[in-house]
Structure formats: structure tokens, C-alpha cells
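Student: My structure is below; once you've seen it, I'll send some questions.
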Amino acid sequence: MAKGPVSTSSDDELPFPTQESLAADERSFFGGRPQKPSAPNARTALPASLAGHEHYHGHRERLRDRFRELGDTALADYEILELLLFRLIPRRDTKPIAKALIERFGSLAGVFGAPQALLMEVKGVGEAVALDLKLISTVAHRTLKSELRSKQVLSSWSSVIQYCHAAMAHETREQFRILFLDKRNVLIADEVQGRGTVDHTPVYPREVVKRALELSATAMILVHNHPSGDPTPSRADIDMTKVIIDAAKALDITVHDHVIIGRDGHVSLKGLKLI
């Protein structure tokens with residue numbers, strides 16, 4: 001069961017920005033160091049109430065310098081997320097928000113895999129920021145999927161697992177996915193055939209085989225996730241797989257494997273010698 005909303009209290013936390021301050025564009029800060037401002041005068045000096053709130057800009061630049069000079073290995077997960085949030089939330093201290101997201105969802109992967117509605121339950125994350133995080137997640141999934149195109153899937157097994165884990169490990173409901181392959185075991189299509197509850201997805205062997213025929217597929221890899229996090233196959237998982245194998249075999253379609261994805265790992269029914 002998902003935890004409740006996370007709130008943080010920090011001496012560094014600032015109020016939500018005004019509409020006027022949100023109009024400022026942060027992009028110039030990421031490309032390089034901001035230009036040194038000219039000495040303030042009576043017309044350009046910030047009010048004291050706002051000047052005290054700019055302490056986080058020095059922190060932002062120091063974090064960028066570490067990333068620029070040392071790479072991502074020099075940063076913790078929350079700092080990587082903080083770097084990204086600099087772009088999405090220009091006028092606010094984003095460290096408490098980044099830490100709250102990691103705490104709520106457990107990891108960087110968990111943050112990007114979380115549903116938009118749950119992301120918005122974290123203090124400081126509005127609809128626009130949550131949508132941008134999901135967009136970044138989609139780009140990552142598409143990138144992993146593109147690596148499978150025009151490759152023999154069975155010889156790129158680690159890429160298959162990596163893609164399926166990114167796409168399914170943090171789903172809150174069960175999802176049944178099929179990778180359809182041609183006679184050279186090259187990916188033809190990747191389709192979600194069904195979505196269910198937290199512990200069950202209805203699967204219809206006849207529909208699975210019918211779709212394989214429509215795509216002229218000669219082989220399949222079955223994949224589904226366990227939202228509980230434990231990828232151990234159930235008796236129902238094993239029985240359902242055998243029914244699909246028998247139905248496909250009659251039409252000369254091979255089922256190479258059935259992979260179950262958990263949050264922290266996966267299980268192959270073929271590897272366990274269950275099929």
C-alpha cells in the first residue's frame with residue numbers, strides 16, 4: 001500500500017514562487033556560469049525580503065560544477081534529481097523536494113516510474129513538474145526500446161530485461177506484455193495485452209495467438225509484472241504459460257520464455273525450468 005503524502009520541514013525551504021518570479025528563465029544557468037551582475041543601485045537592488053532567498057543559487061552552481069567536472073558518479077541520486085528540478089522549478093530550493101521524492105518512492109527509478117497522481121502528492125510537485133518527470137521517463141523507455149529494434153532479441157537478453165524493467169517494474173497494477181518476434185527473432189512489436197489489478201491480469205490464450213498470427217510472428221516472449229515487488233511465479237502464472245505454449249505450438253509459434261518483473265529483479269520461467 002502506498003504511503004501517505006510526504007511533507008518535509010527544512011530551514012532552507014522557501015515559499016512557493018509568485019507568478020511574476022516564475023516567468024524568469026533558468027536555462028542560462030545550466031549552460032554555464034551566470035554572468036556577474038553589475039553593482040546594484042537604488043533602481044536595481046532587490047528588496048531585502050527577496051535577496052535573502054537567493055542563497056540557493058550558489059548551491060545550484062556548485063552542484064553543476066561537480067557534475068560538469070566529475071560526472072554523475074560524484075552525485076547522490078537525490079542530487080541528480082535536484083539538478084533536474086533546477087530546470088523545472090526555477091525559483092525555489094529544490095533539495096527538500098528531491099529528498100522527499102526519493103524518500104517516498106524509494107529510488108530514482110521509483111520516482112520516474114511513479115504515476116503522475118502520486119508524484120503530485122509530494123509537497124512542492126505540481127501538475128507541470130509531475131508531467132515533465134513522466135515525459136523524461138518516457139524518453140528513457142523509448143531509448144531503451146529503440147536499442148532492441150533490428151536486433152536479435154535472444155542475443156540481446158540484457159537489453160530486453162532492462163527495457164521491461166524500466167517499463168513495468170514500478171507499475172501499480174499488473175500488466176501483461178508480449179514481445180512478438182519474426183523468424184530471425186527480431187522484434188516485430190511490443191504490446192501490452194492486458195492490465196489488471198494489483199495481483200491479477202486476465203489473459204486469453206486465443207487472443208494472444210490470434211494477435212501473433214495477425215503480425216506474422218513466429219515467436220513470442222511473455223512478460224508481466226508483480227506490483228508486490230516479488231517476482232516469484234504463482235501456480236496460476238505457470239499454468240497460464242503452459243496453456244499459451246500449447247495453443248501457440250499448434251500453429252508453429254514458439255514461446256521462448258515468460259519473464260516476471262519485480263521492483264528489484266526478475267524471474268525467467270525457462271531459467272527455473274518451469275516451461
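By convention here, the chains of the C-alpha cells are called A, B, ... in the order presented, each chain's residues are numbered starting at 1, and ligands are numbered starting at 1 in the order presented.
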Got a sec: who's within 10 Å of range 106-115 of chain A, counting only C-alpha atoms, leaving out chain neighbours fewer than 3 positions off, as JSON, numbers by chain?

Tutor: {"A": [76, 77, 78, 80, 81, 98, 100, 101, 102, 103, 118, 119, 120, 130, 131, 132, 133, 134, 135, 136, 137, 138, 140, 165, 166, 167, 168, 169, 170, 171, 172, 263]}

Student: May I have the residues from that selection written out with N, CA and C atoms, as a CSV table (one decimal), in the first residue's frame?

Tutor:
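Heads up, here's the output in part.csv:
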chain,number,residue,atom,x,y,z
A,76,ALA,N,24.9,12.0,-5.5
A,76,ALA,CA,23.9,11.0,-5.0
A,76,ALA,C,22.7,11.1,-5.9
A,77,ASP,N,21.8,10.1,-5.7
A,77,ASP,CA,20.6,10.1,-6.5
A,77,ASP,C,19.7,11.4,-6.3
A,78,TYR,N,19.6,11.8,-5.1
A,78,TYR,CA,18.8,13.0,-4.8
A,78,TYR,C,19.4,14.2,-5.5
A,80,ILE,N,21.2,14.2,-8.3
A,80,ILE,CA,20.9,14.1,-9.8
A,80,ILE,C,19.4,14.7,-10.0
A,81,LEU,N,18.5,14.2,-9.2
A,81,LEU,CA,17.1,14.7,-9.3
A,81,LEU,C,17.0,16.2,-9.0
A,98,ALA,N,13.6,17.1,-3.8
A,98,ALA,CA,14.3,15.9,-4.4
A,98,ALA,C,14.4,14.8,-3.3
A,100,ALA,N,12.4,14.4,-0.7
A,100,ALA,CA,11.1,13.9,-0.4
A,100,ALA,C,10.6,12.9,-1.4
A,101,LEU,N,11.0,13.2,-2.7
A,101,LEU,CA,10.6,12.2,-3.8
A,101,LEU,C,11.3,10.9,-3.6
A,102,ILE,N,12.6,11.0,-3.3
A,102,ILE,CA,13.4,9.7,-3.2
A,102,ILE,C,12.9,9.0,-1.9
A,103,GLU,N,12.6,9.7,-0.9
A,103,GLU,CA,12.0,9.0,0.3
A,103,GLU,C,10.7,8.3,0.0
A,118,LEU,N,0.5,10.2,-8.0
A,118,LEU,CA,1.2,10.0,-6.8
A,118,LEU,C,2.4,11.0,-6.7
A,119,LEU,N,3.0,11.4,-7.8
A,119,LEU,CA,4.1,12.4,-7.7
A,119,LEU,C,3.5,13.7,-7.2
A,120,MET,N,2.3,14.0,-7.6
A,120,MET,CA,1.7,15.3,-7.2
A,120,MET,C,1.3,15.3,-5.7
A,130,ALA,N,5.2,17.2,-12.4
A,130,ALA,CA,4.9,15.7,-12.5
A,130,ALA,C,4.8,15.3,-13.9
A,131,LEU,N,4.2,16.1,-14.8
A,131,LEU,CA,4.1,15.8,-16.2
A,131,LEU,C,5.5,15.7,-16.8
A,132,ASP,N,6.4,16.7,-16.5
A,132,ASP,CA,7.7,16.7,-17.0
A,132,ASP,C,8.5,15.5,-16.6
A,133,LEU,N,8.4,15.1,-15.4
A,133,LEU,CA,9.1,13.9,-14.9
A,133,LEU,C,8.6,12.6,-15.7
A,134,LYS,N,7.3,12.6,-15.9
A,134,LYS,CA,6.8,11.4,-16.7
A,134,LYS,C,7.3,11.5,-18.2
A,135,LEU,N,7.4,12.7,-18.7
A,135,LEU,CA,8.0,12.9,-20.1
A,135,LEU,C,9.4,12.4,-20.1
A,136,ILE,N,10.2,12.7,-19.1
A,136,ILE,CA,11.6,12.2,-19.1
A,136,ILE,C,11.6,10.7,-19.0
A,137,SER,N,10.7,10.1,-18.2
A,137,SER,CA,10.6,8.7,-18.1
A,137,SER,C,10.3,8.0,-19.4
A,138,THR,N,9.4,8.7,-20.2
A,138,THR,CA,9.0,8.1,-21.5
A,138,THR,C,10.2,8.2,-22.4
A,140,ALA,N,13.3,7.9,-21.7
A,140,ALA,CA,14.2,6.8,-21.3
A,140,ALA,C,13.7,5.5,-21.8
A,165,HIS,N,12.1,-4.0,-17.4
A,165,HIS,CA,12.2,-3.5,-16.0
A,165,HIS,C,11.8,-2.0,-15.9
A,166,ALA,N,12.4,-1.2,-16.9
A,166,ALA,CA,12.1,0.2,-16.9
A,166,ALA,C,10.6,0.5,-17.2
A,167,ALA,N,10.0,-0.3,-18.0
A,167,ALA,CA,8.7,-0.1,-18.5
A,167,ALA,C,7.6,-0.6,-17.4
A,168,MET,N,8.0,-1.6,-16.6
A,168,MET,CA,6.9,-2.3,-15.9
A,168,MET,C,7.2,-2.4,-14.4
A,169,ALA,N,8.4,-2.3,-13.9
A,169,ALA,CA,8.7,-2.6,-12.5
A,169,ALA,C,8.0,-1.8,-11.5
A,170,HIS,N,7.7,-0.5,-11.8
A,170,HIS,CA,7.0,0.3,-10.9
A,170,HIS,C,5.6,0.6,-11.2
A,171,GLU,N,5.0,-0.2,-12.0
A,171,GLU,CA,3.5,-0.1,-12.3
A,171,GLU,C,2.8,-0.6,-11.0
A,172,THR,N,1.7,0.1,-10.7
A,172,THR,CA,0.9,-0.2,-9.5
A,172,THR,C,-0.1,-1.3,-9.8
A,263,ARG,N,10.2,-5.2,-8.6
A,263,ARG,CA,10.9,-3.9,-8.5
A,263,ARG,C,12.4,-4.1,-8.4

Student: Compile the contact shell of range 141-154 of chain A as a list of chain:residue names: residues with an atom at most 6 Å away, counting only C-alpha atoms, same-chain residues fewer than 5 positions apart removed.

Tutor: A:Tyr163, A:Asn185, A:Val186

Student: Tell me, which residues of range 52-247 of chain A carry DSSP alpha helix (DSSP H), written as JSON, numbers by chain?

Tutor: {"A": [56, 57, 58, 59, 60, 61, 62, 63, 64, 65, 66, 67, 68, 69, 70, 77, 78, 79, 80, 81, 82, 83, 84, 85, 86, 87, 88, 95, 96, 97, 98, 99, 100, 101, 102, 103, 104, 105, 108, 109, 110, 111, 112, 113, 116, 117, 118, 119, 127, 128, 129, 130, 131, 132, 133, 134, 135, 136, 137, 138, 139, 140, 141, 142, 143, 144, 145, 146, 157, 158, 159, 160, 161, 162, 163, 164, 165, 166, 167, 168, 205, 206, 207, 208, 209, 210, 211, 212, 213, 214, 235, 236, 237, 238, 239, 240, 241, 242, 243, 244, 245, 246, 247]}

Student: Name the residues in contact with Val203 in chain A at a cut-off of 12 Å, using only C-alpha atoms, excluding same-chain residues fewer than 4 positions from it; report them as a PyMOL selection string.

Tutor: chain A and resi 174-178+192-196+207-209+222-224+236-237+239-241+243-244

Student: Mind giving me the straight-line distance from CA of Arg184 in chain A to CA of Ser155 in chain A in Å, one decimal?

Tutor: 10.9 Å

Student: Which residue is closest to Asp230 in chain A? Choose from A:Pro202, A:Asp264, A:Ile253, A:Leu187 and count only C-alpha atoms.

Tutor: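 Closest to Asp230 in chain A, using only C-alpha atoms: A:Asp264.
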
Student: Find the residues around Ala217 in chain A up to 8 Å (only C-alpha atoms counted), leave out those fewer than 6 positions away in its own chain, and share them as a list of chain:residue names.

Tutor: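 My reading of the contact set: A:Phe180, A:Leu181, A:Asp182, A:Lys183, A:Ile188, A:Ile253.
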
Student: For the atom pair CA of Val267 in chain A and CA of Ile161 in chain A, what is the interatomic distance in Å to one decimal place?

Tutor: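 Interatomic distance, CA of Val267 in chain A to CA of Ile161 in chain A: 10.0 Å.
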
Student: Interatomic distance between CA of Leu88 in chain A and CA of Gly126 in chain A?

Tutor: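 Computing it gives 10.3 Å between the two atoms.
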
Student: Using only C-alpha atoms, which protein or nucleic acid residues come within 9 Å of Lys270 in chain A? Drop anything in the same chain fewer than 4 positions from it, and give the result as a PyMOL selection string.

Tutor: chain A and resi 256-259+274-275
